[in-house]
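Q: Handing over upload-v8.cif, mmCIF, C-alpha atoms.
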```cif
data_model
loop_
_atom_site.label_atom_id
_atom_site.label_comp_id
_atom_site.auth_asym_id
_atom_site.auth_seq_id
_atom_site.Cartn_x
_atom_site.Cartn_y
_atom_site.Cartn_z
CA MET H 8 61.82 55.89 59.92
CA SER H 9 61.54 59.49 61.05
CA ARG H 10 63.61 58.65 64.15
CA PHE H 11 66.32 57.27 61.89
CA ARG H 12 66.06 60.40 59.78
CA ASP H 13 66.45 62.57 62.87
CA LEU H 14 69.49 60.55 63.86
CA VAL H 15 71.34 60.96 60.58
CA ALA H 16 70.19 64.49 59.76
CA PRO H 17 73.00 67.07 59.89
CA LYS H 18 72.91 69.49 62.80
CA THR H 19 74.93 72.11 60.92
CA THR H 20 73.73 74.20 57.99
CA VAL H 21 76.13 75.57 55.40
CA HIS H 22 75.13 78.38 53.08
CA ALA H 23 75.63 78.36 49.33
CA HIS H 24 74.32 81.86 49.27
CA CYS H 25 73.97 84.75 46.91
CA ASP H 26 72.67 88.27 47.40
CA LEU H 27 68.99 88.65 48.06
CA PRO H 28 68.02 91.83 46.25
CA CYS H 29 64.83 93.51 47.46
CA GLY H 30 64.12 94.49 43.86
CA VAL H 31 63.35 98.14 44.62
CA TYR H 32 65.48 100.53 42.56
CA ASP H 33 64.97 104.23 41.92
CA PRO H 34 67.46 106.91 40.79
CA GLU H 35 65.62 109.25 43.16
CA GLN H 36 67.65 107.74 46.00
CA ALA H 37 70.91 108.89 44.37
CA ARG H 38 69.35 112.23 43.42
CA ILE H 39 68.41 113.07 47.00
CA GLU H 40 72.02 112.52 48.13
CA ALA H 41 73.26 114.57 45.17
CA GLU H 42 70.79 117.33 46.07
CA SER H 43 72.25 117.30 49.59
CA CYS H 44 75.68 117.93 48.06
CA TYR H 45 74.20 120.77 46.00
CA LYS H 46 72.57 122.41 49.03
CA ILE H 47 75.65 121.99 51.19
CA ILE H 48 77.85 123.70 48.58
CA GLU H 49 75.28 126.48 48.42
CA LYS H 50 75.40 126.91 52.22
CA MET H 51 79.19 126.79 52.24
CA GLY H 52 79.23 129.76 49.88
CA ALA H 53 77.09 131.76 52.31
CA ASN H 54 79.03 130.97 55.49
CA SER H 55 82.75 131.48 56.05
CA ASP H 56 82.93 130.13 59.62
CA PRO H 57 85.77 127.55 59.60
CA THR H 58 83.97 125.11 61.93
CA PHE H 59 80.89 125.24 59.72
CA THR H 60 83.02 124.71 56.62
CA THR H 61 84.79 121.69 58.14
CA ARG H 62 81.50 120.08 59.09
CA ALA H 63 79.95 120.89 55.75
CA ILE H 64 82.85 119.29 53.87
CA ALA H 65 82.62 116.12 55.96
CA ILE H 66 78.87 115.81 55.42
CA LYS H 67 79.17 116.55 51.68
CA GLU H 68 81.78 113.80 51.31
CA GLN H 69 79.52 111.38 53.15
CA ARG H 70 76.54 112.28 50.94
CA ALA H 71 78.63 111.99 47.80
CA ASP H 72 79.68 108.47 48.83
CA LEU H 73 76.04 107.55 49.32
CA ALA H 74 75.12 108.96 45.91
CA LYS H 75 77.87 106.86 44.32
CA HIS H 76 76.71 103.77 46.19
CA HIS H 77 73.11 104.19 44.99
CA LEU H 78 74.28 104.74 41.40
CA ASP H 79 76.43 101.61 41.59
CA VAL H 80 73.51 99.54 42.86
CA LEU H 81 71.31 100.78 40.01
CA TRP H 82 74.00 100.11 37.44
CA HIS H 83 74.94 96.64 38.66
CA ASP H 84 71.67 95.30 40.00
CA TYR H 85 68.77 97.00 38.21
CA PHE H 86 70.04 97.44 34.66
CA LYS H 87 70.41 94.27 32.61
CA PRO H 88 72.18 93.64 29.29
CA GLU H 89 68.85 93.73 27.41
CA HIS H 90 68.32 97.35 28.54
CA LEU H 91 71.25 98.36 26.34
CA GLU H 92 68.94 98.09 23.34
CA LYS H 93 66.78 100.90 24.68
CA VAL H 94 69.63 102.86 26.24
CA PRO H 95 72.77 102.22 24.16
CA ASN H 96 74.82 104.80 26.10
CA LEU H 97 73.91 103.30 29.48
CA HIS H 98 77.45 102.46 30.57
CA GLU H 99 78.70 105.87 29.50
CA LEU H 100 75.93 107.54 31.54
CA PHE H 101 76.93 105.70 34.71
CA TRP H 102 80.64 106.01 34.07
CA ASN H 103 80.31 109.80 33.70
CA ALA H 104 77.89 110.20 36.60
CA THR H 105 80.02 108.23 39.08
CA LYS H 106 83.09 110.18 37.94
CA GLN H 107 81.10 113.37 38.48
CA VAL H 108 80.22 112.27 42.03
CA SER H 109 83.94 111.99 42.77
CA LYS H 110 84.38 115.50 41.42
CA VAL H 111 81.54 116.86 43.58
CA LYS H 112 83.03 115.13 46.61
CA ALA H 113 86.16 117.25 46.28
CA SER H 114 84.63 120.39 44.82
CA SER H 115 83.00 123.50 46.24
CA ASP H 116 81.74 124.65 42.85
CA ILE H 117 77.96 124.57 42.62
CA ALA H 118 78.19 124.04 38.86
CA ASP H 119 79.73 120.60 39.50
CA ALA H 120 76.82 119.63 41.74
CA LYS H 121 74.31 120.90 39.18
CA LYS H 122 75.99 118.86 36.46
CA LEU H 123 75.67 115.76 38.64
CA LEU H 124 71.93 116.38 39.11
CA ASP H 125 71.52 116.66 35.33
CA MET H 126 73.39 113.40 34.83
CA ILE H 127 71.20 111.62 37.39
CA ASP H 128 68.16 112.98 35.55
CA GLU H 129 69.44 111.32 32.38
CA ILE H 130 69.77 108.04 34.30
CA ASP H 131 66.27 108.61 35.61
CA ALA H 132 65.02 108.86 32.03
CA ALA H 133 66.77 105.57 31.23
CA TRP H 134 65.17 103.95 34.28
CA LYS H 135 61.74 105.14 33.14
CA ALA H 136 62.37 104.07 29.54
CA THR H 137 63.10 100.52 30.71
CA GLY H 138 59.95 100.35 32.84
CA GLY H 139 61.73 100.87 36.14
CA GLU H 140 58.86 102.70 37.74
CA GLU H 141 56.32 99.95 37.14
CA LYS H 142 58.76 97.09 37.71
CA THR H 143 60.55 98.12 40.85
CA ARG H 144 58.42 100.48 42.95
CA VAL H 145 55.60 99.08 45.08
CA ALA H 146 52.95 101.37 43.62
CA GLY H 147 54.92 103.57 41.24
CA ARG H 148 56.66 106.73 42.37
CA PRO H 149 54.62 108.74 44.89
CA SER H 150 53.30 111.85 43.18
CA MET Y 2 93.66 68.74 65.69
CA ARG Y 3 91.43 67.91 68.64
CA ASP Y 4 89.24 70.89 67.73
CA ARG Y 5 89.01 69.64 64.18
CA LEU Y 6 87.75 66.23 65.29
CA ARG Y 7 84.70 67.94 66.74
CA GLY Y 8 83.49 68.43 63.18
CA PRO Y 9 81.16 69.21 61.66
CA TRP Y 10 81.15 65.77 59.98
CA ARG Y 11 77.72 66.22 58.42
CA VAL Y 12 76.15 69.38 57.01
CA ALA Y 13 72.88 70.37 55.33
CA VAL Y 14 73.02 72.82 52.42
CA SER Y 15 70.80 75.86 52.15
CA GLU Y 16 70.47 78.19 49.13
CA ARG Y 17 71.47 77.51 45.57
CA SER Y 18 74.68 79.20 44.48
CA MET Y 19 76.29 75.74 44.07
CA ALA Y 20 73.59 74.48 41.70
CA PRO Y 21 73.29 72.27 39.76
CA GLY Y 22 75.88 70.05 41.49
CA ILE Y 23 74.82 70.79 45.04
CA LEU Y 24 71.27 71.81 45.83
CA PRO Y 25 69.49 73.20 48.86
CA GLY Y 26 68.48 70.32 51.12
CA ASP Y 27 71.48 68.15 50.23
CA TRP Y 28 73.08 66.33 53.15
CA LEU Y 29 76.85 66.13 52.84
CA LEU Y 30 79.64 64.33 54.67
CA VAL Y 31 82.54 66.58 55.55
CA ASP Y 32 86.13 65.71 56.40
CA PRO Y 33 87.07 68.29 59.05
CA THR Y 34 90.59 66.91 59.52
CA VAL Y 35 92.02 68.54 56.39
CA GLY Y 36 94.72 71.00 57.41
CA ARG Y 37 95.55 72.36 53.95
CA TRP Y 38 93.50 73.69 51.06
CA PRO Y 39 92.43 70.61 49.05
CA ARG Y 40 93.08 70.36 45.31
CA ARG Y 41 91.34 72.62 42.80
CA GLY Y 42 87.76 71.58 42.12
CA SER Y 43 87.19 70.33 45.67
CA ILE Y 44 84.16 71.50 47.60
CA VAL Y 45 84.97 73.12 50.93
CA VAL Y 46 83.08 74.29 53.98
CA PHE Y 47 84.57 77.43 55.55
CA ARG Y 48 83.77 80.45 57.67
CA GLU Y 49 83.29 83.54 55.53
CA PRO Y 50 86.10 86.01 56.20
CA ASP Y 51 83.73 88.96 56.61
CA GLY Y 52 81.36 87.20 58.98
CA GLU Y 53 80.75 84.04 60.91
CA VAL Y 54 78.50 82.40 58.31
CA LEU Y 55 79.44 78.82 57.42
CA ALA Y 56 79.57 78.70 53.65
CA ILE Y 57 80.18 76.10 50.96
CA LYS Y 58 82.05 76.83 47.72
CA ARG Y 59 84.48 75.26 45.28
CA VAL Y 60 88.26 75.74 45.36
CA ALA Y 61 89.02 77.63 42.14
CA ALA Y 62 92.65 78.43 42.93
CA ARG Y 63 95.10 77.29 45.62
CA PRO Y 64 98.00 78.94 47.45
CA GLY Y 65 100.52 80.36 45.01
CA ASP Y 66 98.11 80.23 42.06
CA ARG Y 67 97.43 83.26 39.89
CA VAL Y 68 93.84 84.51 39.76
CA ARG Y 69 92.85 86.53 36.72
CA LEU Y 70 90.96 89.70 37.66
CA ASP Y 71 89.45 92.45 35.48
CA ALA Y 72 92.62 94.46 35.79
CA GLY Y 73 95.50 92.01 35.89
CA PHE Y 74 96.36 89.10 38.17
CA LEU Y 75 96.33 88.35 41.86
CA VAL Y 76 98.91 85.91 43.21
CA LEU Y 77 97.51 83.99 46.18
CA GLY Y 78 99.56 83.87 49.39
CA ASP Y 79 100.80 80.54 50.79
CA ASP Y 80 97.76 80.17 53.05
CA GLU Y 81 95.11 81.54 50.68
CA ALA Y 82 92.57 80.02 48.32
CA TRP Y 83 90.11 81.52 45.83
CA LEU Y 84 86.65 80.07 46.38
CA LEU Y 85 83.84 80.37 43.84
CA SER Y 86 80.19 79.44 43.42
CA ASP Y 87 79.15 76.96 40.74
CA ALA Y 88 75.91 78.59 39.62
CA PRO Y 89 76.29 81.21 36.87
CA ALA Y 90 75.26 84.71 38.02
CA ALA Y 91 72.68 84.98 35.22
CA GLU Y 92 70.90 81.84 36.45
CA LEU Y 93 70.78 83.14 40.03
CA LEU Y 94 69.25 86.38 38.78
CA GLU Y 95 66.59 84.49 36.87
CA GLN Y 96 65.63 82.68 40.06
CA GLY Y 97 65.23 85.94 41.94
CA GLY Y 98 68.65 85.83 43.59
CA GLY Y 99 71.49 88.31 43.24
CA ALA Y 100 75.20 88.13 42.66
CA PRO Y 101 76.93 85.07 44.13
CA VAL Y 102 78.70 85.74 47.44
CA ASP Y 103 82.22 84.26 47.13
CA SER Y 104 85.86 85.32 46.64
CA ARG Y 105 84.70 87.81 44.03
CA ARG Y 106 83.05 89.57 46.96
CA TYR Y 107 85.38 89.01 49.89
CA GLY Y 108 88.67 88.17 48.19
CA PRO Y 109 91.03 85.30 49.01
CA VAL Y 110 90.14 83.09 51.99
CA THR Y 111 92.90 82.19 54.46
CA ILE Y 112 93.46 78.67 55.76
CA ASP Y 113 92.26 79.49 59.29
CA CYS Y 114 88.74 79.89 57.83
CA LEU Y 115 88.73 76.34 56.40
CA VAL Y 116 86.34 74.03 58.25
CA GLY Y 117 86.49 70.90 56.10
CA ARG Y 118 86.21 69.28 52.70
CA ALA Y 119 82.78 68.06 51.61
CA TRP Y 120 83.27 64.72 49.87
CA PHE Y 121 80.06 62.68 49.81
CA ARG Y 122 76.30 63.31 49.49
CA TYR Y 123 74.27 60.97 51.68
CA GLY Y 124 70.87 62.55 51.13
CA PRO Y 125 68.40 62.86 49.54
CA VAL Y 126 68.28 59.19 48.62
CA GLY Y 127 68.06 59.72 44.85
CA ARG Y 128 71.20 61.86 44.79
CA VAL Y 129 73.55 59.82 47.00
CA GLY Y 130 77.13 59.71 45.74
CA ARG Y 131 80.65 61.02 45.90
CA LEU Y 132 81.02 64.74 45.10
CA THR Y 133 82.97 65.24 41.93
CA GLY Y 134 85.76 67.68 41.20
CA ARG Y 135 85.79 69.94 38.20
#
```
Will you turn the file into structure tokens for me?

A:
Amino acid sequence: MSRFRDLVAPKTTVHAHCDLPCGVYDPEQARIEAESCYKIIEKMGANSDPTFTTRAIAIKEQRADLAKHHLDVLWHDYFKPEHLEKVPNLHELFWNATKQVSKVKASSDIADAKKLLDMIDEIDAAWKATGGEEKTRVAGRPS
Amino acid sequence: MRDRLRGPWRVAVSERSMAPGILPGDWLLVDPTVGRWPRRGSIVVFREPDGEVLAIKRVAARPGDRVRLDAGFLVLGDDEAWLLSDAPAAELLEQGGGAPVDSRRYGPVTIDCLVGRAWFRYGPVGRVGRLTGR
């Protein structure tokens, strides 16, 4: 019987796949990239060398893209409709924060970067309020 | 055509984005001789446009059809189809999966990616039968 089974068994596998989320989410990831933007803008203000400025702009844009990516992952994958009960302004928070990342990407004003950090802190509070720390980190956030 | 005759004629399914109709472990017969996108509701095996993975999904829209998106419509080209998963995203999440990977991820799929039409389930024994359209 098993020989018959081997004979008729398909040799090709097709995938009906979906994403496989690791389940680890933390706004800290976005914050670190946003802090990079903050620090880079700070350094840009203290150095007028054109080569330095060009490099700094390129790196800041890269970091801003990463911050936006991490915010998008949190928004789409971690937060669920039931979290809206605890954080009714959730969508507004993310909408404003991702818009602010775009602003920081093009800006050399430190106030813009600071505003982004504050917005990510608000998202952090929402993550904590919905039990993110216990649910998604392996052993909570390292202290 | 000669290439197409090489198959695959039989495939095994892994993962569950086509549940409940098609489940992991199902053995399916495939017609690799189809040269055009089959009718809406058909199940197709194809190479994913952004990789070499062989995938299985359902034809949701055919060449020339309009696909409704969040912001307006997309009109499919004359060699494109819109392929979707059966399982609702919420169900996949409940089972520990993530968002379904289909045209909502990689957009329309062109005809050169089509490998065949899955038409019959020949295993497991309790689930043998012709695959139905939608």

Q: For chain H, work out the contacting residues on chain Y at 8 Å, counting all atoms listed in the file, and write them as an NGL selection string.

A: :Y and (9 or 11-19 or 28 or 46 or 54-58 or 86 or 93 or 97-102)

Q: What is the distance between CA of Asp33 in chain H and CA of Tyr85 in chain H, in Å to one decimal?

A: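 These two atoms are separated by 9.0 Å.
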
Q: Pick from H:Ile39, H:Leu100, H:Ile64, H:Ile47: nearest to Trp134 in chain H, with all atoms listed in the file counted?

A: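 Selected residue with least distance to Trp134 in chain H: H:Leu100.
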
Q: Which residues, written as an mmCIF file with C-alpha atoms, in the coordinates of the input, have at least one atom at most 12 Å from Lys122 in chain H, with only C-alpha atoms counted and residues fewer than 4 positions away on the same chain left out?

A:
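Wrote around.cif, looks like this:
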```cif
data_model
loop_
_atom_site.group_PDB
_atom_site.id
_atom_site.type_symbol
_atom_site.label_atom_id
_atom_site.label_comp_id
_atom_site.auth_asym_id
_atom_site.auth_seq_id
_atom_site.Cartn_x
_atom_site.Cartn_y
_atom_site.Cartn_z
ATOM 1 C CA ARG H 38 69.350 112.230 43.420
ATOM 2 C CA ALA H 41 73.260 114.570 45.170
ATOM 3 C CA GLU H 42 70.790 117.330 46.070
ATOM 4 C CA CYS H 44 75.680 117.930 48.060
ATOM 5 C CA TYR H 45 74.200 120.770 46.000
ATOM 6 C CA ASN H 103 80.310 109.800 33.700
ATOM 7 C CA ALA H 104 77.890 110.200 36.600
ATOM 8 C CA THR H 105 80.020 108.230 39.080
ATOM 9 C CA LYS H 106 83.090 110.180 37.940
ATOM 10 C CA GLN H 107 81.100 113.370 38.480
ATOM 11 C CA VAL H 108 80.220 112.270 42.030
ATOM 12 C CA LYS H 110 84.380 115.500 41.420
ATOM 13 C CA VAL H 111 81.540 116.860 43.580
ATOM 14 C CA ASP H 116 81.740 124.650 42.850
ATOM 15 C CA ILE H 117 77.960 124.570 42.620
ATOM 16 C CA ALA H 118 78.190 124.040 38.860
ATOM 17 C CA MET H 126 73.390 113.400 34.830
ATOM 18 C CA ILE H 127 71.200 111.620 37.390
ATOM 19 C CA ASP H 128 68.160 112.980 35.550
ATOM 20 C CA GLU H 129 69.440 111.320 32.380
#
```

Q: For this structure, which residues satisfy the selection - the PyMOL selection byres ((chain Y and resi 114-118) around 7) - when it is evaluated on the file as given? I want them as a PyMOL selection string.

A: chain Y and resi 31-35+44-50+110-113+119-120

Q: Mind telling me what the PyMOL selection byres ((chain H and resi 50) around 12) catches here, as a short mmCIF file (atom, residue, chain, number, x, y, z; two decimals) with C-alpha atoms, in the coordinates of the input?

A:
```
data_model
loop_
_atom_site.label_atom_id
_atom_site.label_comp_id
_atom_site.auth_asym_id
_atom_site.auth_seq_id
_atom_site.Cartn_x
_atom_site.Cartn_y
_atom_site.Cartn_z
CA SER H 43 72.25 117.30 49.59
CA CYS H 44 75.68 117.93 48.06
CA TYR H 45 74.20 120.77 46.00
CA LYS H 46 72.57 122.41 49.03
CA ILE H 47 75.65 121.99 51.19
CA ILE H 48 77.85 123.70 48.58
CA GLU H 49 75.28 126.48 48.42
CA MET H 51 79.19 126.79 52.24
CA GLY H 52 79.23 129.76 49.88
CA ALA H 53 77.09 131.76 52.31
CA ASN H 54 79.03 130.97 55.49
CA SER H 55 82.75 131.48 56.05
CA ASP H 56 82.93 130.13 59.62
CA PHE H 59 80.89 125.24 59.72
CA THR H 60 83.02 124.71 56.62
CA ARG H 62 81.50 120.08 59.09
CA ALA H 63 79.95 120.89 55.75
CA ILE H 64 82.85 119.29 53.87
CA LYS H 67 79.17 116.55 51.68
CA SER H 115 83.00 123.50 46.24
CA ASP H 116 81.74 124.65 42.85
CA ILE H 117 77.96 124.57 42.62
#
```

Q: Can you give me, as a PDB file with C-alpha atoms, in the frame of the given file, the residues this file yields under the PyMOL selection byres ((chain Y and resi 78) around 6)?

A:
```
ATOM      1  CA  PRO Y  64      98.000  78.940  47.450  1.00  0.00           C
ATOM      2  CA  GLY Y  65     100.520  80.360  45.010  1.00  0.00           C
ATOM      3  CA  LEU Y  77      97.510  83.990  46.180  1.00  0.00           C
ATOM      4  CA  ASP Y  79     100.800  80.540  50.790  1.00  0.00           C
ATOM      5  CA  ASP Y  80      97.760  80.170  53.050  1.00  0.00           C
ATOM      6  CA  GLU Y  81      95.110  81.540  50.680  1.00  0.00           C
TER       7      GLU Y  81
END
```

Q: How many Å lie between CA of Arg69 in chain Y and CA of Glu92 in chain Y, rounded to one decimal?

A: 22.4 Å

Q: Go through Y:Gly8, Y:Pro21, Y:Gly108, Y:Gly26 and flag the residue nearest Gly124 in chain Y, using only C-alpha atoms for the distances.

A: Y:Gly26

Q: So how far away is CA of Gln69 in chain H from CA of Pro57 in chain H, in Å?

A: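 So the two atoms, CA of Pro57 in chain H and CA of Gln69 in chain H, lie 18.5 Å apart.
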
Q: Would you mind listing what lies within 8 Å of Arg40 in chain Y as a count of residues only, with only C-alpha atoms counted and same-chain residues fewer than 3 positions away left out?

A: 3

Q: Which of these, Y:Gly22, Y:Leu75, Y:Glu95, Y:Pro89, has the shortest distance to Val129 in chain Y once you count all atoms listed in the file?

A: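 Ranking Y:Gly22, Y:Leu75, Y:Glu95, Y:Pro89 by distance to Val129 in chain Y, first place goes to Y:Gly22.
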